$ cat work_23.txt   # compact mmCIF, C-alpha atoms
# COMPACT_ATOMS: atom_id res chain seq x y z
CA MET L 1 163.80 -41.62 -62.46
CA ARG L 2 160.98 -39.84 -60.64
CA HIS L 3 163.03 -39.08 -57.56
CA GLN L 4 166.06 -37.88 -59.47
CA LEU L 5 163.95 -35.32 -61.27
CA LEU L 6 162.16 -34.31 -58.09
CA ALA L 7 165.52 -33.83 -56.35
CA LEU L 8 166.83 -31.60 -59.11
CA LEU L 9 163.61 -29.57 -59.03
CA ALA L 10 163.89 -29.27 -55.25
CA ARG L 11 167.04 -27.23 -55.87
CA GLN L 12 165.42 -24.90 -58.41
CA PRO L 13 162.73 -24.81 -61.12
CA ALA L 14 163.97 -26.02 -64.51
CA TYR L 15 163.08 -26.84 -68.12
CA GLY L 16 163.14 -30.43 -69.33
CA TYR L 17 166.45 -30.13 -71.17
CA GLU L 18 168.01 -28.42 -68.16
CA LEU L 19 167.10 -31.47 -66.10
CA LYS L 20 168.81 -33.72 -68.62
CA GLN L 21 171.94 -31.57 -68.39
CA GLY L 22 171.64 -31.51 -64.63
CA LEU L 23 171.59 -35.31 -64.43
CA GLU L 24 174.57 -35.56 -66.75
CA GLN L 25 176.55 -33.06 -64.72
CA THR L 26 175.62 -34.64 -61.40
CA PHE L 27 176.28 -38.29 -62.17
CA GLY L 28 178.88 -38.09 -64.93
CA ALA L 29 179.65 -40.65 -67.57
CA ALA L 30 179.69 -43.66 -65.21
CA TYR L 31 175.95 -43.53 -64.76
CA PRO L 32 173.52 -44.59 -67.51
CA GLN L 33 171.68 -41.47 -68.64
CA PRO L 34 168.01 -41.27 -69.63
CA ASN L 35 167.16 -39.76 -72.99
CA ILE L 36 165.16 -36.56 -73.31
CA GLY L 37 162.02 -38.49 -74.28
CA GLN L 38 162.06 -40.51 -71.03
CA ILE L 39 162.51 -37.29 -69.10
CA TYR L 40 159.48 -35.62 -70.68
CA VAL L 41 157.32 -38.72 -70.13
CA THR L 42 158.34 -38.80 -66.46
CA LEU L 43 157.73 -35.06 -66.06
CA SER L 44 154.22 -35.34 -67.42
CA ARG L 45 153.47 -38.24 -65.03
CA LEU L 46 154.85 -36.28 -62.10
CA GLU L 47 152.69 -33.34 -63.09
CA LYS L 48 149.57 -35.52 -63.32
CA SER L 49 150.24 -36.82 -59.81
CA GLY L 50 150.56 -33.27 -58.53
CA LEU L 51 154.18 -33.67 -57.46
CA ILE L 52 155.38 -30.91 -59.78
CA ARG L 53 153.74 -27.99 -61.52
CA GLY L 54 154.52 -26.88 -65.10
CA THR L 55 154.07 -23.34 -66.38
CA GLU L 56 154.02 -22.53 -70.13
CA VAL L 57 156.59 -19.92 -71.16
CA THR L 58 156.03 -18.23 -74.55
CA GLN L 59 159.03 -18.08 -76.81
CA GLU L 60 159.22 -15.89 -79.88
CA GLY L 61 159.30 -17.80 -83.14
CA ARG L 62 159.52 -21.14 -81.32
CA PRO L 63 157.01 -23.41 -79.66
CA ASP L 64 156.16 -22.67 -76.01
CA LYS L 65 158.14 -24.53 -73.40
CA LYS L 66 157.35 -25.52 -69.86
CA VAL L 67 159.24 -24.61 -66.73
CA TYR L 68 158.69 -27.07 -63.90
CA GLU L 69 158.73 -26.53 -60.15
CA ILE L 70 158.27 -28.94 -57.27
CA THR L 71 155.01 -28.77 -55.29
CA GLU L 72 154.54 -29.23 -51.57
CA LYS L 73 153.29 -32.75 -52.24
CA GLY L 74 156.41 -33.38 -54.33
CA THR L 75 158.66 -32.16 -51.53
CA GLU L 76 156.94 -34.51 -49.09
CA GLU L 77 157.36 -37.42 -51.47
CA LEU L 78 161.04 -36.61 -51.89
CA ALA L 79 161.66 -36.22 -48.14
CA GLY L 80 160.07 -39.64 -47.62
CA TRP L 81 162.37 -41.13 -50.23
CA PHE L 82 165.45 -39.73 -48.54
CA GLU L 83 164.30 -40.95 -45.16
CA ALA L 84 163.55 -44.55 -46.04
CA PRO L 85 166.46 -47.00 -45.91
CA THR L 86 167.22 -48.31 -49.37
CA GLU L 87 166.10 -51.90 -49.76
CA GLY L 88 167.00 -54.67 -52.08
CA PRO L 89 169.81 -55.72 -54.37
CA ARG L 90 169.87 -52.39 -56.15
CA VAL L 91 170.96 -50.73 -52.94
CA ARG L 92 174.09 -49.21 -54.41
CA ASP L 93 172.24 -47.61 -57.30
CA GLU L 94 169.41 -46.02 -55.44
CA PHE L 95 171.27 -45.17 -52.28
CA PHE L 96 174.00 -43.51 -54.31
CA MET L 97 171.38 -41.42 -56.04
CA LYS L 98 170.01 -40.26 -52.70
CA LEU L 99 173.46 -39.47 -51.43
CA ILE L 100 174.44 -37.39 -54.42
CA LEU L 101 171.09 -35.69 -54.91
CA ALA L 102 170.66 -34.76 -51.25
CA GLU L 103 173.02 -31.86 -51.69
CA GLY L 104 171.24 -28.58 -52.24
CA THR L 105 167.75 -29.88 -51.44
CA ASP L 106 167.78 -29.11 -47.68
CA LEU L 107 165.79 -32.31 -47.23
CA ALA L 108 168.54 -34.69 -46.11
CA ASP L 109 172.17 -34.51 -45.16
CA GLN L 110 174.79 -36.91 -46.36
CA LEU L 111 176.08 -38.08 -42.97
CA THR L 112 172.55 -38.93 -41.84
CA LEU L 113 171.94 -40.85 -45.05
CA ILE L 114 175.17 -42.80 -44.57
CA ASN L 115 174.41 -43.52 -40.91
CA ASN L 116 170.89 -44.71 -41.66
CA GLN L 117 172.07 -46.94 -44.45
CA ARG L 118 174.80 -48.40 -42.24
CA ARG L 119 172.24 -49.16 -39.54
CA HIS L 120 170.05 -50.79 -42.14
CA CYS L 121 172.91 -52.97 -43.42
CA ILE L 122 173.91 -54.02 -39.91
CA ASN L 123 170.33 -54.93 -39.03
CA MET L 124 170.09 -56.95 -42.23
CA MET L 125 173.31 -58.68 -41.25
CA ARG L 126 171.77 -59.48 -37.88
CA GLY L 127 168.86 -61.03 -39.73
CA LEU L 128 171.21 -63.12 -41.85
CA ASN L 129 172.98 -64.34 -38.70
CA LYS L 130 169.62 -65.58 -37.45
CA VAL L 131 168.84 -67.33 -40.69
CA ALA L 132 172.31 -68.90 -40.61
CA ALA L 133 171.70 -70.17 -37.07
CA THR L 134 168.54 -71.99 -38.17
CA GLU L 135 170.24 -73.42 -41.26
CA ARG L 136 173.25 -74.88 -39.45
CA GLY L 137 174.25 -78.06 -41.23
CA ASN L 138 172.67 -77.06 -44.53
CA ARG L 139 175.75 -76.33 -46.60
CA THR L 140 173.93 -74.96 -49.62
CA SER L 141 171.90 -72.57 -47.57
CA LEU L 142 174.94 -71.40 -45.62
CA LEU L 143 176.87 -70.72 -48.83
CA LEU L 144 174.08 -68.55 -50.12
CA ILE L 145 173.89 -66.68 -46.83
CA GLU L 146 177.63 -66.20 -46.92
CA GLY L 147 177.26 -64.62 -50.35
CA ALA L 148 174.70 -62.21 -48.96
CA VAL L 149 176.96 -61.46 -45.98
CA LEU L 150 179.85 -60.60 -48.29
CA HIS L 151 177.60 -58.31 -50.34
CA LEU L 152 176.57 -56.48 -47.20
CA GLN L 153 180.18 -56.22 -46.07
CA ALA L 154 181.05 -54.66 -49.42
CA ASP L 155 178.19 -52.19 -49.04
CA LEU L 156 179.41 -51.23 -45.58
CA ASP L 157 182.99 -50.79 -46.74
CA TRP L 158 181.76 -48.64 -49.57
CA LEU L 159 179.67 -46.53 -47.16
CA GLU L 160 182.90 -45.79 -45.30
CA ARG L 161 184.48 -44.65 -48.55
CA CYS L 162 181.49 -42.39 -49.23
CA GLN L 163 181.90 -40.94 -45.76
CA GLU L 164 185.59 -40.32 -46.29
CA GLU L 165 185.02 -38.57 -49.58
CA LEU L 166 181.82 -36.64 -48.98
CA THR L 167 181.50 -35.64 -45.35
CA MET S 1 170.93 -46.20 1.82
CA THR S 2 168.15 -44.45 -0.01
CA GLY S 3 168.40 -46.63 -3.10
CA ALA S 4 168.08 -43.51 -5.21
CA GLU S 5 171.76 -43.47 -6.17
CA PRO S 6 171.89 -44.24 -9.88
CA ILE S 7 174.16 -47.17 -10.70
CA PRO S 8 177.18 -45.76 -12.50
CA PRO S 9 177.94 -47.20 -15.92
CA LEU S 10 180.69 -49.81 -15.97
CA LEU S 11 182.75 -47.52 -18.19
CA ALA S 12 182.21 -43.82 -18.74
CA ALA S 13 184.49 -41.89 -21.06
CA ASP S 14 184.13 -38.15 -21.12
CA ALA S 15 185.68 -36.06 -23.91
CA LEU S 16 188.70 -38.32 -24.31
CA VAL S 17 191.49 -36.91 -26.47
CA ARG S 18 194.67 -38.66 -27.49
CA SER S 19 197.31 -37.89 -30.12
CA HIS S 20 200.25 -39.92 -31.36
CA LEU S 21 203.65 -38.55 -32.19
CA SER S 22 204.68 -39.30 -35.74
CA GLY S 23 208.19 -37.93 -36.28
CA SER S 24 207.83 -34.45 -34.87
CA THR S 25 204.14 -33.98 -35.65
CA LEU S 26 201.26 -34.80 -33.37
CA ILE S 27 198.59 -36.81 -35.14
CA PRO S 28 195.26 -36.64 -33.32
CA ALA S 29 193.79 -40.16 -33.11
CA VAL S 30 190.90 -39.63 -30.70
CA ARG S 31 189.43 -36.13 -30.76
CA GLY S 32 186.88 -35.93 -28.02
CA ILE S 33 184.97 -39.14 -27.46
CA SER S 34 182.31 -39.49 -24.80
CA LEU S 35 180.84 -42.92 -24.31
CA ARG S 36 178.92 -44.74 -21.58
CA ILE S 37 178.96 -48.48 -21.48
CA ASP S 38 176.58 -50.15 -19.09
CA ARG S 39 177.05 -53.48 -17.39
CA GLY S 40 176.13 -56.34 -19.68
CA GLU S 41 176.28 -54.35 -22.90
CA PHE S 42 177.88 -55.74 -26.03
CA VAL S 43 179.22 -52.79 -28.02
CA ALA S 44 180.92 -52.98 -31.39
CA VAL S 45 183.20 -50.12 -32.44
CA THR S 46 183.59 -49.79 -36.19
CA GLY S 47 185.02 -47.29 -38.61
CA PRO S 48 187.63 -46.99 -41.34
CA SER S 49 191.28 -47.55 -40.50
CA GLY S 50 192.70 -44.46 -38.87
CA ALA S 51 189.34 -43.55 -37.31
CA GLY S 52 190.74 -44.08 -33.81
CA LYS S 53 189.19 -47.46 -32.95
CA SER S 54 192.29 -49.13 -31.54
CA THR S 55 193.43 -45.99 -29.73
CA LEU S 56 190.02 -45.77 -28.08
CA LEU S 57 190.24 -49.40 -26.98
CA HIS S 58 193.73 -48.81 -25.54
CA LEU S 59 192.40 -45.80 -23.64
CA LEU S 60 189.48 -47.81 -22.26
CA GLY S 61 191.87 -50.52 -21.08
CA GLY S 62 194.36 -48.10 -19.54
CA LEU S 63 197.08 -49.15 -21.96
CA LEU S 64 197.28 -45.53 -23.10
CA ARG S 65 196.55 -42.43 -21.05
CA PRO S 66 194.36 -39.68 -22.50
CA ASP S 67 195.89 -36.25 -23.21
CA ALA S 68 192.61 -34.80 -21.98
CA GLY S 69 189.25 -36.06 -20.81
CA GLU S 70 188.16 -38.42 -18.06
CA LEU S 71 187.59 -42.12 -17.73
CA ARG S 72 185.57 -43.78 -14.99
CA LEU S 73 185.35 -47.45 -14.21
CA ASP S 74 182.40 -48.30 -11.98
CA GLY S 75 182.07 -44.61 -11.16
CA ARG S 76 185.66 -44.31 -10.07
CA ARG S 77 188.07 -42.00 -11.86
CA VAL S 78 190.86 -44.10 -13.40
CA ASP S 79 192.45 -42.03 -16.16
CA ARG S 80 195.21 -40.78 -13.89
CA LEU S 81 196.10 -44.05 -12.21
CA GLY S 82 199.67 -45.29 -12.52
CA GLU S 83 200.75 -48.37 -14.39
CA ALA S 84 200.78 -50.65 -11.33
CA ALA S 85 197.26 -49.68 -10.32
CA TRP S 86 196.06 -50.18 -13.88
CA ALA S 87 197.73 -53.59 -14.03
CA ARG S 88 195.80 -54.60 -10.89
CA LEU S 89 192.53 -53.28 -12.32
CA ARG S 90 193.03 -55.15 -15.54
CA ARG S 91 193.86 -58.38 -13.76
CA ARG S 92 190.75 -58.10 -11.66
CA HIS S 93 188.17 -56.82 -14.15
CA TYR S 94 189.39 -56.98 -17.71
CA GLY S 95 190.04 -59.49 -20.41
CA ILE S 96 191.93 -57.96 -23.27
CA VAL S 97 192.75 -59.39 -26.66
CA PHE S 98 194.68 -57.44 -29.24
CA GLN S 99 195.30 -58.02 -32.90
CA SER S 100 198.81 -59.30 -32.31
CA GLY S 101 197.48 -62.02 -29.99
CA ASN S 102 200.54 -62.00 -27.75
CA LEU S 103 201.29 -65.47 -26.37
CA LEU S 104 204.17 -66.79 -24.30
CA SER S 105 206.29 -68.47 -26.94
CA ASP S 106 207.98 -71.01 -24.65
CA PHE S 107 204.73 -72.49 -23.35
CA SER S 108 202.17 -74.77 -24.93
CA VAL S 109 198.73 -73.52 -25.87
CA ALA S 110 197.27 -75.23 -22.80
CA ASP S 111 199.85 -73.67 -20.48
CA ASN S 112 199.36 -70.24 -22.02
CA ILE S 113 195.71 -70.35 -21.07
CA GLU S 114 195.98 -72.17 -17.72
CA LEU S 115 198.86 -70.00 -16.45
CA THR S 116 196.76 -66.89 -16.97
CA ALA S 117 194.10 -68.41 -14.74
CA VAL S 118 196.47 -69.76 -12.10
CA LEU S 119 198.24 -66.39 -11.83
CA ALA S 120 194.85 -64.85 -11.06
CA GLY S 121 194.35 -67.29 -8.20
CA VAL S 122 192.26 -69.97 -9.90
CA SER S 123 193.01 -73.55 -8.82
CA GLY S 124 194.99 -75.72 -11.23
CA ARG S 125 192.08 -78.06 -11.64
CA THR S 126 189.55 -75.32 -12.48
CA ALA S 127 192.07 -73.71 -14.81
CA ARG S 128 192.39 -76.99 -16.71
CA GLU S 129 188.63 -77.42 -16.98
CA ARG S 130 188.13 -73.92 -18.26
CA ARG S 131 190.98 -74.31 -20.73
CA GLN S 132 189.50 -77.55 -22.10
CA GLU S 133 186.09 -75.94 -22.46
CA LEU S 134 187.40 -72.83 -24.21
CA LEU S 135 189.58 -74.78 -26.62
CA ALA S 136 186.65 -77.03 -27.49
CA ASP S 137 184.41 -74.01 -28.10
CA LEU S 138 187.03 -72.48 -30.34
CA GLY S 139 187.68 -75.67 -32.30
CA LEU S 140 191.24 -75.96 -31.01
CA SER S 141 191.13 -79.04 -28.75
CA ASP S 142 193.76 -80.78 -30.85
CA LYS S 143 196.19 -77.88 -30.44
CA ALA S 144 196.49 -78.03 -26.64
CA THR S 145 200.06 -79.35 -26.67
CA ALA S 146 201.24 -77.26 -29.63
CA GLY S 147 203.56 -74.30 -29.15
CA PRO S 148 202.50 -70.84 -30.34
CA GLY S 149 205.08 -71.11 -33.13
CA GLU S 150 203.21 -74.05 -34.64
CA LEU S 151 199.91 -72.16 -34.90
CA SER S 152 198.47 -70.24 -37.82
CA GLY S 153 197.61 -66.57 -37.34
CA GLY S 154 193.96 -67.38 -36.88
CA GLU S 155 194.71 -70.09 -34.32
CA ARG S 156 196.95 -67.75 -32.34
CA GLN S 157 194.18 -65.19 -32.33
CA ARG S 158 191.71 -67.69 -30.90
CA VAL S 159 194.15 -68.83 -28.21
CA ALA S 160 194.63 -65.18 -27.24
CA LEU S 161 190.87 -64.88 -26.94
CA ALA S 162 190.77 -67.97 -24.73
CA ARG S 163 193.41 -66.37 -22.49
CA ALA S 164 191.36 -63.20 -22.27
CA LEU S 165 188.24 -65.13 -21.26
CA VAL S 166 189.69 -67.76 -18.93
CA ASN S 167 189.29 -65.55 -15.86
CA ARG S 168 185.67 -64.75 -16.71
CA PRO S 169 186.30 -60.99 -16.81
CA GLN S 170 183.55 -58.45 -16.19
CA LEU S 171 184.71 -56.57 -19.23
CA LEU S 172 186.22 -57.94 -22.40
CA LEU S 173 188.06 -55.57 -24.73
CA ALA S 174 188.78 -57.18 -28.08
CA ASP S 175 190.54 -55.66 -31.06
CA GLU S 176 189.60 -57.37 -34.34
CA PRO S 177 189.34 -60.84 -32.78
CA THR S 178 188.06 -62.22 -36.08
CA GLY S 179 190.58 -60.30 -38.18
CA SER S 180 192.46 -63.21 -39.73
CA LEU S 181 189.87 -65.93 -39.32
CA ASP S 182 188.09 -67.93 -41.99
CA SER S 183 184.32 -67.99 -42.06
CA ARG S 184 183.89 -71.05 -39.85
CA SER S 185 186.30 -69.86 -37.15
CA THR S 186 184.66 -66.45 -37.22
CA ARG S 187 181.36 -68.15 -36.51
CA ASP S 188 182.90 -70.07 -33.57
CA VAL S 189 184.41 -66.91 -32.09
CA LEU S 190 181.20 -64.91 -32.46
CA ALA S 191 179.17 -67.72 -30.91
CA LEU S 192 181.55 -67.79 -27.97
CA LEU S 193 181.36 -64.02 -27.50
CA SER S 194 177.56 -64.18 -27.62
CA ARG S 195 177.54 -66.86 -24.96
CA TYR S 196 179.75 -64.85 -22.61
CA HIS S 197 177.61 -61.82 -23.31
CA GLU S 198 174.49 -63.78 -22.35
CA GLN S 199 176.22 -64.81 -19.12
CA GLY S 200 176.73 -61.14 -18.28
CA THR S 201 180.17 -60.24 -19.63
CA THR S 202 180.35 -56.69 -20.92
CA ILE S 203 182.08 -56.66 -24.30
CA VAL S 204 183.67 -53.89 -26.33
CA LEU S 205 184.65 -55.21 -29.71
CA VAL S 206 186.63 -53.24 -32.27
CA THR S 207 185.91 -54.71 -35.64
CA HIS S 208 185.81 -54.11 -39.32
CA ASP S 209 183.74 -57.21 -39.86
CA ALA S 210 180.05 -56.46 -40.27
CA ARG S 211 179.08 -59.93 -39.15
CA ALA S 212 180.95 -59.36 -35.89
CA ALA S 213 179.45 -55.88 -35.51
CA SER S 214 175.93 -57.20 -36.02
CA THR S 215 176.44 -59.72 -33.21
CA ALA S 216 176.68 -56.81 -30.77
CA ASP S 217 173.60 -55.02 -29.50
CA ARG S 218 175.01 -51.57 -30.13
CA VAL S 219 177.29 -50.24 -32.85
CA VAL S 220 179.40 -47.14 -32.37
CA SER S 221 180.82 -45.84 -35.65
CA LEU S 222 183.96 -43.77 -35.40
CA PHE S 223 185.14 -41.39 -38.03
CA ASP S 224 188.17 -39.20 -37.85
CA GLY S 225 188.58 -39.62 -34.10
CA ARG S 226 184.96 -38.84 -33.27
CA ILE S 227 181.71 -40.73 -32.92
CA ALA S 228 179.75 -40.42 -36.17
CA ASP S 229 176.92 -42.70 -35.10
CA ASP S 230 175.83 -44.69 -32.06
CA ALA S 231 172.97 -47.07 -32.76
CA ARG S 232 171.23 -50.10 -31.29
CA VAL S 233 171.23 -53.13 -33.50
CA GLU S 234 167.64 -54.12 -34.07
CA GLU S 235 166.26 -57.60 -34.32
CA PRO S 236 164.66 -57.96 -37.72
CA PRO S 237 161.00 -58.96 -37.71
CA ALA S 238 160.50 -62.71 -37.46
CA ALA S 239 158.87 -62.85 -40.86
CA TRP S 240 161.99 -61.44 -42.40
CA ARG S 241 164.14 -64.29 -41.15
CA SER S 242 163.46 -66.40 -44.15
CA ALA S 243 164.91 -66.62 -47.59
CA ASN S 244 163.59 -63.12 -48.13
CA GLY S 245 166.50 -61.87 -46.07
CA VAL S 246 168.89 -63.25 -48.62
CA ARG S 247 166.74 -62.18 -51.55
CA ASP S 248 166.94 -58.65 -50.28
CA VAL S 249 170.68 -58.63 -50.67
CA ILE S 250 171.37 -60.84 -53.64
CA ASP S 251 169.59 -60.36 -56.94
CA PHE S 252 168.72 -63.80 -58.24
CA GLY S 253 167.68 -62.25 -61.50
CA GLY S 254 164.40 -64.19 -61.38
$ encode --input "work_23.txt" --output "structure tokens"
Amino acid sequence: MRHQLLALLARQPAYGYELKQGLEQTFGAAYPQPNIGQIYVTLSRLEKSGLIRGTEVTQEGRPDKKVYEITEKGTEELAGWFEAPTEGPRVRDEFFMKLILAEGTDLADQLTLINNQRRHCINMMRGLNKVAATERGNRTSLLLIEGAVLHLQADLDWLERCQEELT
Amino acid sequence: MTGAEPIPPLLAADALVRSHLSGSTLIPAVRGISLRIDRGEFVAVTGPSGAGKSTLLHLLGGLLRPDAGELRLDGRRVDRLGEAAWARLRRRHYGIVFQSGNLLSDFSVADNIELTAVLAGVSGRTARERRQELLADLGLSDKATAGPGELSGGERQRVALARALVNRPQLLLADEPTGSLDSRSTRDVLALLSRYHEQGTTIVLVTHDARAASTADRVVSLFDGRIADDARVEEPPAAWRSANGVRDVIDFGG
């Protein structure tokens, strides 16, 4: 959740509960939402690592609250996250987060994200072709590789849909 | 000769534009595509349907003329040539295979392939040898005497590919050659394309199939009639070519 919060703070400083609302508004009901407790825990870790800075704001008759802003170190961390191709089986989750959160941060643009991810998928596919070539004759291995190939194909088709809808 | 003349690319498209008439409205299909394809390259063209992939391939093969823009083959301007001149060019330099896989319905598979070679001046004996080799590579040796009507869609597609390759063209243009193939036939076709590529054939492959695209060494992604991305396919590091490659894509839950 670190990068989601950083991305929201890259748009503008916010209170903890505003970040919760921001996530809800950005991702909608289809995405599992963190509870407010998880958000505050993550914020305090981010602050300890120097990626964000919190400032106490006094409120009359109520406990003080903290407004958070992203630091230069946080911006660097976030830019690195956007830039790296998204690895692993959770590609759809994390890549989707990057794609949606890029807007308004000035750190990444959606077409570049889609292009980079497509390149990454095609290079992975190239790798799978090589593995398949060495496993010729091993039916079990080839079936597994075919499963991976179909997953990648689905990811690529979905990237096209993202491009159609967002760019 | 100074030797300083740069070698022109095999194909150079400059700001190609082409629209199609649908009823009374012009639908732009290709909206300004510039592309250089060097000798020996293997380029895959991908993109969603309607992105202009097939139109681009037709333009590159002279089967459609651009509304605007220029096309050069071997440095020579060809976009304004007439049909007869284009037909000669294609016979001499191109192999073309389209989705429909057009075959001569009254001839056997073997004759379909051999006739294409004989008409281009290849001896009957060489034509037969090449035909036998291509059909073997494509897993179709037992279909030599069949008529096109007796073939499945995937088989017809592979025979069309054999026809396109029998004259060893400099340039192969292929539109979804793995479109209706099962996994095994796809593998055969891609292996064959790779082999021709290694022997120096320049290939432009329109495809929606990521496995086919990743066989190429360059992927051009079209979107809405324009080039959205143009990237080299990179060899993954040797260490990656293990089960890790699969693990990266599929979650085993372990």
$ interface_residues --input "work_23.txt" --of "chain L" --to "chain S" --cutoff "7 Å" --atoms "all atoms listed in the file" --output "CSV table (one decimal) with C-alpha atoms, in the coordinates of the input"
chain,number,residue,atom,x,y,z
L,87,GLU,CA,166.1,-51.9,-49.8
L,88,GLY,CA,167.0,-54.7,-52.1
L,89,PRO,CA,169.8,-55.7,-54.4
L,115,ASN,CA,174.4,-43.5,-40.9
L,122,ILE,CA,173.9,-54.0,-39.9
L,123,ASN,CA,170.3,-54.9,-39.0
L,125,MET,CA,173.3,-58.7,-41.2
L,126,ARG,CA,171.8,-59.5,-37.9
L,127,GLY,CA,168.9,-61.0,-39.7
L,128,LEU,CA,171.2,-63.1,-41.8
L,130,LYS,CA,169.6,-65.6,-37.4
L,131,VAL,CA,168.8,-67.3,-40.7
L,145,ILE,CA,173.9,-66.7,-46.8
L,148,ALA,CA,174.7,-62.2,-49.0
L,151,HIS,CA,177.6,-58.3,-50.3
L,153,GLN,CA,180.2,-56.2,-46.1
L,160,GLU,CA,182.9,-45.8,-45.3
$ atom_distance --input "work_23.txt" --atom1 "atom CA of Gln38 of chain L" --atom2 "atom CA of Gln4 of chain L"
12.5 Å
$ residues_around --input "work_23.txt" --residues "Arg163 of chain S" --least-positions-apart "6" --cutoff "8 Å" --atoms "only C-alpha atoms" --output "list in words"
Gly95, Asn112, Ile113, Glu114 and Thr116 of chain S
$ atom_distance --input "work_23.txt" --atom1 "atom CA of Ser44 of chain L" --atom2 "atom CA of Val67 of chain L"
11.9 Å
$ residues_around --input "work_23.txt" --residues "segment 18-32 of chain S" --least-positions-apart "3" --cutoff "9 Å" --atoms "only C-alpha atoms" --output "list in words"
Asp14, Ala15, Gly50, Ala51, Gly52, Lys53, Thr55, Leu56, Leu59, Leu64, Arg65, Pro66, Asp67, Ala68, Gly69, Asp224, Gly225, Arg226 and Ile227 of chain S
$ residues_around --input "work_23.txt" --residues "Thr55 of chain L" --least-positions-apart "6" --cutoff "12 Å" --atoms "only C-alpha atoms" --output "VMD selection string"
chain L and resid 13 to 16 47 64 to 70
$ write_last_selection --input "work_23.txt" --atoms "C-alpha atoms" --output "PDB file, in the coordinates of the input"
ATOM      1  CA  PRO L  13     162.730 -24.810 -61.120  1.00  0.00           C
ATOM      2  CA  ALA L  14     163.970 -26.020 -64.510  1.00  0.00           C
ATOM      3  CA  TYR L  15     163.080 -26.840 -68.120  1.00  0.00           C
ATOM      4  CA  GLY L  16     163.140 -30.430 -69.330  1.00  0.00           C
ATOM      5  CA  GLU L  47     152.690 -33.340 -63.090  1.00  0.00           C
ATOM      6  CA  ASP L  64     156.160 -22.670 -76.010  1.00  0.00           C
ATOM      7  CA  LYS L  65     158.140 -24.530 -73.400  1.00  0.00           C
ATOM      8  CA  LYS L  66     157.350 -25.520 -69.860  1.00  0.00           C
ATOM      9  CA  VAL L  67     159.240 -24.610 -66.730  1.00  0.00           C
ATOM     10  CA  TYR L  68     158.690 -27.070 -63.900  1.00  0.00           C
ATOM     11  CA  GLU L  69     158.730 -26.530 -60.150  1.00  0.00           C
ATOM     12  CA  ILE L  70     158.270 -28.940 -57.270  1.00  0.00           C
TER      13      ILE L  70
END
$ residues_around --input "work_23.txt" --residues "Arg39 of chain S" --least-positions-apart "5" --cutoff "9 Å" --atoms "only C-alpha atoms" --output "list in words"
Pro9, Leu10, Leu11, Gln170, Leu171, Gly200, Thr201 and Thr202 of chain S
$ write_last_selection --input "work_23.txt" --atoms "C-alpha atoms" --output "short mmCIF file (atom, residue, chain, number, x, y, z; two decimals), in the coordinates of the input"
data_model
loop_
_atom_site.label_atom_id
_atom_site.label_comp_id
_atom_site.auth_asym_id
_atom_site.auth_seq_id
_atom_site.Cartn_x
_atom_site.Cartn_y
_atom_site.Cartn_z
CA PRO S 9 177.94 -47.20 -15.92
CA LEU S 10 180.69 -49.81 -15.97
CA LEU S 11 182.75 -47.52 -18.19
CA GLN S 170 183.55 -58.45 -16.19
CA LEU S 171 184.71 -56.57 -19.23
CA GLY S 200 176.73 -61.14 -18.28
CA THR S 201 180.17 -60.24 -19.63
CA THR S 202 180.35 -56.69 -20.92
#
$ closest_residue --input "work_23.txt" --among "L:Arg2, L:Pro32, L:Leu142, L:Gly37" --to "Tyr17 of chain L" --atoms "all atoms listed in the file"
L:Gly37
$ closest_residue --input "work_23.txt" --among "L:Ala84, L:Leu51, L:Leu156, L:Leu5" --to "Glu24 of chain L" --atoms "all atoms listed in the file"
L:Leu5
$ atom_distance --input "work_23.txt" --atom1 "atom CA of Gly147 of chain S" --atom2 "atom CA of His197 of chain S"
29.4 Å
$ residues_near_point --input "work_23.txt" --point "(188.6, -53.2, -24.4)" --cutoff "7 Å" --atoms "all atoms listed in the file" --output "NGL selection string"
:S and (57-58 or 60-61 or 96 or 172-174 or 204-205)
$ closest_residue --input "work_23.txt" --among "S:Val166, S:Leu138, S:Ala12, S:Val189" --to "Arg77 of chain S" --atoms "all atoms listed in the file"
S:Ala12
$ closest_residue --input "work_23.txt" --among "L:Thr71, L:Gln12, L:Thr86, L:Gln25" --to "Asn116 of chain L" --atoms "only C-alpha atoms"
L:Thr86
$ residues_near_point --input "work_23.txt" --point "(200.5, -77.0, -29.5)" --cutoff "12 Å" --atoms "all atoms listed in the file" --output "list in words"
Leu103, Ser105, Asp106, Phe107, Ser108, Val109, Ala110, Asp111, Asn112, Ile113, Leu135, Leu140, Ser141, Asp142, Lys143, Ala144, Thr145, Ala146, Gly147, Pro148, Gly149, Glu150, Leu151, Ser152, Glu155, Arg156 and Val159 of chain S
$ closest_residue --input "work_23.txt" --among "L:Gly74, L:Ala133, L:Thr167, L:Cys162" --to "Leu190 of chain S" --atoms "only C-alpha atoms"
L:Ala133
$ closest_residue --input "work_23.txt" --among "L:Asp106, L:Glu18, L:Glu60, L:Glu165" --to "Phe82 of chain L" --atoms "all atoms listed in the file"
L:Asp106
$ decode --input "work_23.txt" --residues "segment 53-64 of chain S" --atoms "C-alpha atoms" --output "short mmCIF file (atom, residue, chain, number, x, y, z; two decimals), in the first residue's frame"
data_model
loop_
_atom_site.label_atom_id
_atom_site.label_comp_id
_atom_site.auth_asym_id
_atom_site.auth_seq_id
_atom_site.Cartn_x
_atom_site.Cartn_y
_atom_site.Cartn_z
CA LYS S 53 -2.43 -3.27 -39.15
CA SER S 54 -3.86 -4.94 -42.25
CA THR S 55 -4.19 -1.66 -44.13
CA LEU S 56 -0.53 -0.93 -43.42
CA LEU S 57 0.47 -4.36 -44.72
CA HIS S 58 -1.59 -3.84 -47.89
CA LEU S 59 0.13 -0.48 -48.40
CA LEU S 60 3.57 -2.03 -47.93
CA GLY S 61 2.74 -4.71 -50.50
CA GLY S 62 1.27 -2.28 -53.02
CA LEU S 63 -2.15 -3.88 -52.78
CA LEU S 64 -3.51 -0.50 -51.70
#
